[in-house]
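Novice: Contents are TSV, C-alpha atoms; file name protein11.tsv:
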```tsv
chain	number	residue	atom	x	y	z
L	1	MET	CA	-4.52	-26.29	30.00
L	2	HIS	CA	-2.60	-29.46	29.21
L	3	GLU	CA	0.69	-27.75	30.05
L	4	LEU	CA	-0.62	-26.77	33.48
L	5	LEU	CA	-1.88	-30.30	34.11
L	6	THR	CA	1.42	-31.81	33.00
L	7	PHE	CA	3.23	-29.46	35.41
L	8	ILE	CA	0.94	-30.39	38.32
L	9	ARG	CA	1.23	-34.10	37.60
L	10	ALA	CA	5.03	-33.84	37.48
L	11	GLU	CA	5.08	-31.99	40.82
L	12	ALA	CA	2.87	-34.65	42.39
L	13	LYS	CA	4.99	-37.45	40.93
L	14	LYS	CA	8.13	-35.92	42.47
L	15	ARG	CA	6.41	-36.23	45.83
L	16	GLY	CA	5.90	-39.95	45.29
L	17	PHE	CA	2.14	-40.16	44.76
L	18	SER	CA	0.84	-43.43	43.30
L	19	ASP	CA	-0.48	-43.60	39.74
L	20	SER	CA	-4.08	-43.75	40.89
L	21	ALA	CA	-3.52	-40.71	43.14
L	22	LEU	CA	-1.88	-38.89	40.21
L	23	ASN	CA	-4.98	-39.54	38.10
L	24	ARG	CA	-7.21	-38.04	40.77
L	25	ILE	CA	-4.92	-35.04	41.28
L	26	GLU	CA	-4.92	-34.33	37.56
L	27	LEU	CA	-8.70	-34.63	37.40
L	28	VAL	CA	-9.23	-32.27	40.35
L	29	ALA	CA	-6.78	-29.77	38.84
L	30	GLU	CA	-8.64	-29.83	35.51
L	31	GLU	CA	-11.97	-29.28	37.24
L	32	ALA	CA	-10.61	-26.31	39.21
L	33	LEU	CA	-9.07	-24.74	36.10
L	34	VAL	CA	-12.14	-25.28	33.92
L	35	ASN	CA	-14.26	-23.62	36.62
L	36	VAL	CA	-12.09	-20.54	36.39
L	37	PHE	CA	-12.15	-20.50	32.59
L	38	VAL	CA	-15.90	-20.95	32.36
L	39	HIS	CA	-17.21	-19.08	35.41
L	40	GLY	CA	-14.44	-16.78	36.61
L	41	TYR	CA	-13.77	-15.21	33.25
L	42	ALA	CA	-17.01	-16.18	31.48
L	43	GLY	CA	-15.31	-16.68	28.14
L	44	THR	CA	-13.18	-13.52	28.28
L	45	GLN	CA	-9.41	-13.43	28.62
L	46	GLY	CA	-7.88	-13.65	32.06
L	47	GLN	CA	-4.94	-14.90	34.02
L	48	VAL	CA	-4.76	-17.97	36.13
L	49	GLU	CA	-1.87	-19.01	38.33
L	50	VAL	CA	-1.16	-22.46	39.67
L	51	HIS	CA	0.96	-22.75	42.79
L	52	CYS	CA	2.28	-26.05	44.09
L	53	LEU	CA	3.22	-25.39	47.70
L	54	VAL	CA	6.35	-26.91	49.10
L	55	SER	CA	6.09	-28.45	52.52
L	56	ASP	CA	8.05	-30.90	54.62
L	57	ASP	CA	5.18	-33.31	55.06
L	58	PRO	CA	4.39	-35.64	52.16
L	59	ALA	CA	1.26	-33.71	51.20
L	60	LEU	CA	0.76	-31.73	48.02
L	61	THR	CA	-1.16	-28.46	48.12
L	62	ILE	CA	-2.21	-26.90	44.85
L	63	GLU	CA	-3.57	-23.38	44.79
L	64	VAL	CA	-5.42	-21.95	41.81
L	65	HIS	CA	-5.49	-18.14	41.75
L	66	ASP	CA	-7.64	-16.07	39.41
L	67	LYS	CA	-8.80	-12.48	39.16
L	68	GLY	CA	-12.29	-13.25	37.88
L	69	VAL	CA	-15.57	-12.36	39.58
L	70	ALA	CA	-15.73	-13.38	43.24
L	71	PHE	CA	-17.02	-16.93	43.34
L	72	ASP	CA	-16.79	-19.65	45.93
L	73	PRO	CA	-17.24	-22.95	44.06
L	74	LEU	CA	-17.66	-24.74	47.39
L	75	SER	CA	-20.92	-22.85	47.91
L	76	LEU	CA	-22.55	-25.04	45.25
L	77	ALA	CA	-24.75	-27.89	46.41
L	78	ASP	CA	-23.63	-31.43	45.61
L	79	PRO	CA	-25.44	-33.14	42.74
L	80	ASP	CA	-27.74	-36.01	43.64
L	81	VAL	CA	-25.57	-38.96	42.62
L	82	GLN	CA	-28.37	-41.40	43.47
L	83	ALA	CA	-30.78	-39.83	40.96
L	84	ASP	CA	-32.00	-41.98	38.08
L	85	LEU	CA	-31.41	-41.08	34.45
L	86	THR	CA	-34.58	-39.01	34.12
L	87	GLN	CA	-33.96	-37.03	37.31
L	88	ARG	CA	-30.21	-36.68	37.01
L	89	LYS	CA	-29.15	-33.11	36.28
L	90	ILE	CA	-26.28	-32.14	34.02
L	91	GLY	CA	-23.63	-30.16	35.83
L	92	GLY	CA	-22.18	-29.71	39.27
L	93	MET	CA	-19.89	-32.71	38.85
L	94	GLY	CA	-16.64	-30.77	38.65
L	95	VAL	CA	-16.97	-29.24	42.10
L	96	PHE	CA	-18.23	-32.56	43.42
L	97	PHE	CA	-15.00	-34.24	42.26
L	98	ILE	CA	-12.95	-31.46	43.86
L	99	ARG	CA	-14.71	-32.09	47.18
L	100	LYS	CA	-14.60	-35.87	46.98
L	101	MET	CA	-11.04	-36.38	45.76
L	102	THR	CA	-9.15	-33.87	47.90
L	103	ASP	CA	-8.23	-34.39	51.53
L	104	ARG	CA	-8.69	-30.69	52.28
L	105	VAL	CA	-10.17	-27.96	50.16
L	106	ALA	CA	-10.75	-24.30	50.98
L	107	TYR	CA	-11.75	-21.15	49.17
L	108	ARG	CA	-10.64	-17.64	50.09
L	109	ARG	CA	-10.88	-14.23	48.53
L	110	GLU	CA	-7.73	-12.09	48.81
L	111	GLY	CA	-8.09	-8.62	47.35
L	112	ASN	CA	-9.28	-9.15	43.78
L	113	ARG	CA	-8.27	-12.81	43.71
L	114	ASN	CA	-10.17	-16.03	44.12
L	115	ILE	CA	-7.94	-18.68	45.67
L	116	LEU	CA	-8.89	-22.32	45.76
L	117	SER	CA	-6.53	-24.39	47.88
L	118	MET	CA	-6.58	-28.16	47.47
L	119	THR	CA	-4.51	-30.58	49.54
L	120	PHE	CA	-3.77	-34.21	48.81
L	121	LEU	CA	-2.17	-36.43	51.43
L	122	ASN	CA	0.29	-39.04	50.29
L	123	ARG	CA	-0.83	-42.30	51.82
T	1	MET	CA	-8.30	-37.90	21.52
T	2	GLU	CA	-9.35	-40.12	18.64
T	3	ILE	CA	-12.80	-41.43	17.83
T	4	VAL	CA	-13.37	-44.35	15.50
T	5	VAL	CA	-16.97	-45.16	14.68
T	6	THR	CA	-17.86	-48.57	13.30
T	7	ASN	CA	-21.28	-49.89	12.39
T	8	GLU	CA	-22.04	-53.59	12.54
T	9	SER	CA	-25.57	-54.29	11.39
T	10	ASP	CA	-27.62	-51.88	13.50
T	11	VAL	CA	-25.08	-51.35	16.31
T	12	ALA	CA	-22.77	-48.33	16.29
T	13	VAL	CA	-19.53	-48.58	18.26
T	14	PHE	CA	-17.70	-45.38	19.24
T	15	ALA	CA	-14.14	-46.35	20.16
T	16	ILE	CA	-12.69	-43.40	22.06
T	17	THR	CA	-8.97	-43.29	22.74
T	18	GLY	CA	-6.83	-40.76	24.61
T	19	ARG	CA	-8.16	-38.00	26.83
T	20	LEU	CA	-11.77	-36.94	27.07
T	21	ASP	CA	-11.55	-33.58	28.80
T	22	ALA	CA	-12.88	-30.04	28.47
T	23	VAL	CA	-10.58	-29.49	25.48
T	24	SER	CA	-11.53	-32.58	23.46
T	25	VAL	CA	-15.22	-32.82	24.36
T	26	PRO	CA	-16.53	-30.69	21.43
T	27	GLN	CA	-15.01	-33.24	19.02
T	28	LEU	CA	-17.04	-36.08	20.55
T	29	GLU	CA	-20.17	-33.95	20.72
T	30	GLU	CA	-19.90	-33.22	17.01
T	31	ARG	CA	-19.59	-36.92	16.10
T	32	LEU	CA	-22.51	-37.80	18.35
T	33	ASN	CA	-24.69	-35.03	16.93
T	34	GLN	CA	-24.03	-36.43	13.45
T	35	TRP	CA	-24.96	-39.89	14.67
T	36	PHE	CA	-28.17	-38.64	16.29
T	37	GLU	CA	-29.30	-37.26	12.93
T	38	GLN	CA	-29.75	-40.91	11.92
T	39	PRO	CA	-32.46	-43.07	13.47
T	40	GLY	CA	-30.01	-45.54	15.13
T	41	LYS	CA	-31.10	-47.06	18.42
T	42	LYS	CA	-28.07	-49.06	19.53
T	43	LEU	CA	-24.88	-47.39	20.66
T	44	ILE	CA	-21.77	-48.66	22.46
T	45	PHE	CA	-18.89	-46.61	23.83
T	46	ASP	CA	-15.77	-48.77	23.64
T	47	LEU	CA	-13.43	-47.21	26.21
T	48	GLU	CA	-10.50	-49.65	26.08
T	49	GLY	CA	-8.20	-46.85	24.89
T	50	LEU	CA	-9.63	-44.07	27.06
T	51	ASP	CA	-6.90	-42.86	29.45
T	52	TYR	CA	-8.73	-40.06	31.17
T	53	ILE	CA	-12.20	-38.57	31.59
T	54	SER	CA	-13.29	-35.45	33.49
T	55	SER	CA	-16.70	-33.99	34.33
T	56	ALA	CA	-16.82	-32.38	30.88
T	57	GLY	CA	-16.66	-35.87	29.36
T	58	LEU	CA	-19.25	-37.24	31.77
T	59	ARG	CA	-21.62	-34.49	30.76
T	60	VAL	CA	-21.57	-35.77	27.16
T	61	PHE	CA	-22.23	-39.32	28.35
T	62	LEU	CA	-25.21	-38.16	30.42
T	63	THR	CA	-26.66	-36.11	27.54
T	64	THR	CA	-26.24	-39.12	25.25
T	65	ALA	CA	-27.92	-41.45	27.76
T	66	LYS	CA	-30.89	-39.06	28.03
T	67	LYS	CA	-31.20	-38.79	24.25
T	68	MET	CA	-31.03	-42.58	23.85
T	69	LYS	CA	-33.75	-43.02	26.45
T	70	ALA	CA	-35.88	-40.43	24.64
T	71	ARG	CA	-35.68	-42.45	21.42
T	72	ASP	CA	-36.19	-45.72	23.26
T	73	GLY	CA	-32.69	-46.88	22.32
T	74	LYS	CA	-29.97	-48.86	24.07
T	75	LEU	CA	-26.66	-47.46	25.22
T	76	CYS	CA	-23.83	-49.16	27.04
T	77	MET	CA	-20.09	-48.95	27.63
T	78	ALA	CA	-17.34	-51.54	27.39
T	79	ARG	CA	-13.82	-52.05	28.73
T	80	LEU	CA	-13.44	-49.17	31.18
T	81	ARG	CA	-9.98	-48.77	32.68
T	82	ASP	CA	-9.71	-48.59	36.46
T	83	ASN	CA	-9.22	-44.83	36.69
T	84	VAL	CA	-12.09	-44.19	34.26
T	85	LYS	CA	-14.30	-46.58	36.19
T	86	ASP	CA	-13.35	-44.71	39.37
T	87	VAL	CA	-14.77	-41.48	37.91
T	88	PHE	CA	-17.96	-43.24	36.80
T	89	THR	CA	-18.39	-44.80	40.23
T	90	ILE	CA	-17.86	-41.64	42.28
T	91	SER	CA	-20.23	-39.68	40.07
T	92	GLY	CA	-22.93	-42.36	40.25
T	93	PHE	CA	-22.94	-42.59	36.45
T	94	ILE	CA	-22.05	-46.27	36.62
T	95	ALA	CA	-25.69	-46.86	37.62
T	96	LEU	CA	-27.00	-44.83	34.68
T	97	ILE	CA	-25.14	-46.45	31.78
T	98	PRO	CA	-24.54	-50.22	31.85
T	99	ALA	CA	-20.82	-51.10	31.72
T	100	PHE	CA	-19.33	-54.40	30.52
T	101	ASP	CA	-15.86	-55.91	30.72
T	102	THR	CA	-15.84	-57.07	27.11
T	103	LEU	CA	-17.07	-55.62	23.84
T	104	GLY	CA	-18.90	-58.89	23.15
T	105	ALA	CA	-20.93	-58.59	26.35
T	106	ALA	CA	-21.84	-55.01	25.43
T	107	GLN	CA	-22.91	-56.12	21.95
T	108	ASP	CA	-25.09	-58.85	23.45
T	109	ALA	CA	-26.65	-56.33	25.83
T	110	VAL	CA	-27.83	-53.95	23.12
T	111	LYS	CA	-29.23	-56.71	20.87
```
Using structure tokens, write down the structure from this file.

Specialist:
Amino acid sequence: MHELLTFIRAEAKKRGFSDSALNRIELVAEEALVNVFVHGYAGTQGQVEVHCLVSDDPALTIEVHDKGVAFDPLSLADPDVQADLTQRKIGGMGVFFIRKMTDRVAYRREGNRNILSMTFLNR
Amino acid sequence: MEIVVTNESDVAVFAITGRLDAVSVPQLEERLNQWFEQPGKKLIFDLEGLDYISSAGLRVFLTTAKKMKARDGKLCMARLRDNVKDVFTISGFIALIPAFDTLGAAQDAVK
């Protein structure tokens, strides 16, 4: 996983993202990959591909492709971030970070693939 | 990731350096489980050297906070870097575990 994250961070750096943006991009990428490892393949072996799309605008779009069971992570409800310690539930934070820290995020199913597309604008 | 645990009187300080992510989390969980076998009630996470935390890391912090509450103990964090604080703020966890700018302030808070 670290190699994939290093690759993504390097791609984002080439596009001139600030250090704080790079931190968020790396975090979102980890969350998306961990989701695939844990849910998509449920502990079994499987392939995951990371695509960094090239575009003329200063945005970065990362796509994570997997062939695990069909699953739209964006269908999950947000955790209640206002809840107190007793009420606060464990889990759901990964997808929440993906939603909060991307400028655009979309899920699609193509054939036997799950594709999560995440776009970061360079401001 | 590296974890150094020091005990000063009845306060345990977990200094965590490096990356706390899905890969390194089991290491921290193991150290914490060992600690929870003892009856300690005062715990500080010193995060001065923590470069990175993801939701997997936050999950351990939340579990720890719940366990500390269950044993009527005190837990707090010290010296969060900006990007780590960012993650705690967005997740709302900053309201669940008190955070201090200095280790001294954290030590005073658990006394």

Novice: Can you tell me, as JSON, numbers by chain, which residues sit within 12 Å of (-25.6, -56.0, 25.2) in the file's frame, using only C-alpha atoms?

Specialist: {"T": [11, 13, 42, 43, 44, 45, 73, 74, 75, 76, 77, 78, 97, 98, 99, 100, 101, 102, 103, 104, 105, 106, 107, 108, 109, 110, 111]}

Novice: CA of Thr44 (chain L) to CA of Asp66 (chain L): how many Å, to one decimal?

Specialist: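 Distance between the two atoms: 12.7 Å.
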
Novice: How far is it from CA of Arg99 (chain L) to CA of Leu74 (chain L), in Å with one decimal?

Specialist: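 Separation between CA of Arg99 (chain L) and CA of Leu74 (chain L): 7.9 Å.
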
Novice: One decimal, Å: what's the distance from CA of Asp19 (chain L) over to CA of Leu80 (chain T), could you say?

Specialist: 16.5 Å

Novice: Show which residues sit within 12 Å of region 76-81 of chain L, as an mmCIF file with C-alpha atoms, keeping the file's coordinate frame. Count all atoms listed in the file, and ignore same-chain residues fewer than 2 positions away.

Specialist:
```cif
data_model
loop_
_atom_site.group_PDB
_atom_site.id
_atom_site.type_symbol
_atom_site.label_atom_id
_atom_site.label_comp_id
_atom_site.auth_asym_id
_atom_site.auth_seq_id
_atom_site.Cartn_x
_atom_site.Cartn_y
_atom_site.Cartn_z
ATOM 1 C CA PHE L 71 -17.020 -16.930 43.340
ATOM 2 C CA ASP L 72 -16.790 -19.650 45.930
ATOM 3 C CA PRO L 73 -17.240 -22.950 44.060
ATOM 4 C CA LEU L 74 -17.660 -24.740 47.390
ATOM 5 C CA ALA L 83 -30.780 -39.830 40.960
ATOM 6 C CA ASP L 84 -32.000 -41.980 38.080
ATOM 7 C CA LEU L 85 -31.410 -41.080 34.450
ATOM 8 C CA GLN L 87 -33.960 -37.030 37.310
ATOM 9 C CA ARG L 88 -30.210 -36.680 37.010
ATOM 10 C CA LYS L 89 -29.150 -33.110 36.280
ATOM 11 C CA ILE L 90 -26.280 -32.140 34.020
ATOM 12 C CA GLY L 91 -23.630 -30.160 35.830
ATOM 13 C CA GLY L 92 -22.180 -29.710 39.270
ATOM 14 C CA MET L 93 -19.890 -32.710 38.850
ATOM 15 C CA GLY L 94 -16.640 -30.770 38.650
ATOM 16 C CA VAL L 95 -16.970 -29.240 42.100
ATOM 17 C CA PHE L 96 -18.230 -32.560 43.420
ATOM 18 C CA PHE L 97 -15.000 -34.240 42.260
ATOM 19 C CA ILE L 98 -12.950 -31.460 43.860
ATOM 20 C CA ARG L 99 -14.710 -32.090 47.180
ATOM 21 C CA LYS L 100 -14.600 -35.870 46.980
ATOM 22 C CA PHE T 88 -17.960 -43.240 36.800
ATOM 23 C CA THR T 89 -18.390 -44.800 40.230
ATOM 24 C CA ILE T 90 -17.860 -41.640 42.280
ATOM 25 C CA SER T 91 -20.230 -39.680 40.070
ATOM 26 C CA GLY T 92 -22.930 -42.360 40.250
ATOM 27 C CA PHE T 93 -22.940 -42.590 36.450
ATOM 28 C CA ILE T 94 -22.050 -46.270 36.620
ATOM 29 C CA ALA T 95 -25.690 -46.860 37.620
ATOM 30 C CA LEU T 96 -27.000 -44.830 34.680
#
```

Novice: Rank L:Asn23, L:Ala10, L:Asn122, L:Met101 by their smallest atom-to-atom distance to Arg19 (chain T), using only C-alpha atoms, and report the top residue only.

Specialist: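 Among the listed residues, L:Asn23 lies closest to Arg19 (chain T).
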
Novice: Counting all atoms listed in the file, figure out which residue out of L:Arg9, L:Ala29, L:Glu3, L:Gly68 gets nearest to Ala42 (chain L).

Specialist: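 Once distances to Ala42 (chain L) are computed over all atoms listed in the file, the minimum belongs to L:Gly68.
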
Novice: Restrict the distance test to all atoms listed in the file, flag each residue of chain T within 9 Å of chain L, and return the flagged residues as a ChimeraX atom specification.

Specialist: /T:21-23,52-56,58-59,62-63,65-66,69,82-83,87,90-93,95-97

Novice: Which is closest to Ile62 (chain L) among L:Ala12, L:Leu33, L:Val48, L:Met118, if we use all atoms listed in the file?

Specialist: L:Met118

Novice: With distances taken over all atoms listed in the file, which of T:Arg71, T:Gly49, T:Val60, T:Asn33 is nearest to Val4 (chain T)?

Specialist: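 Ranked by minimum distance to Val4 (chain T), first place goes to T:Gly49.
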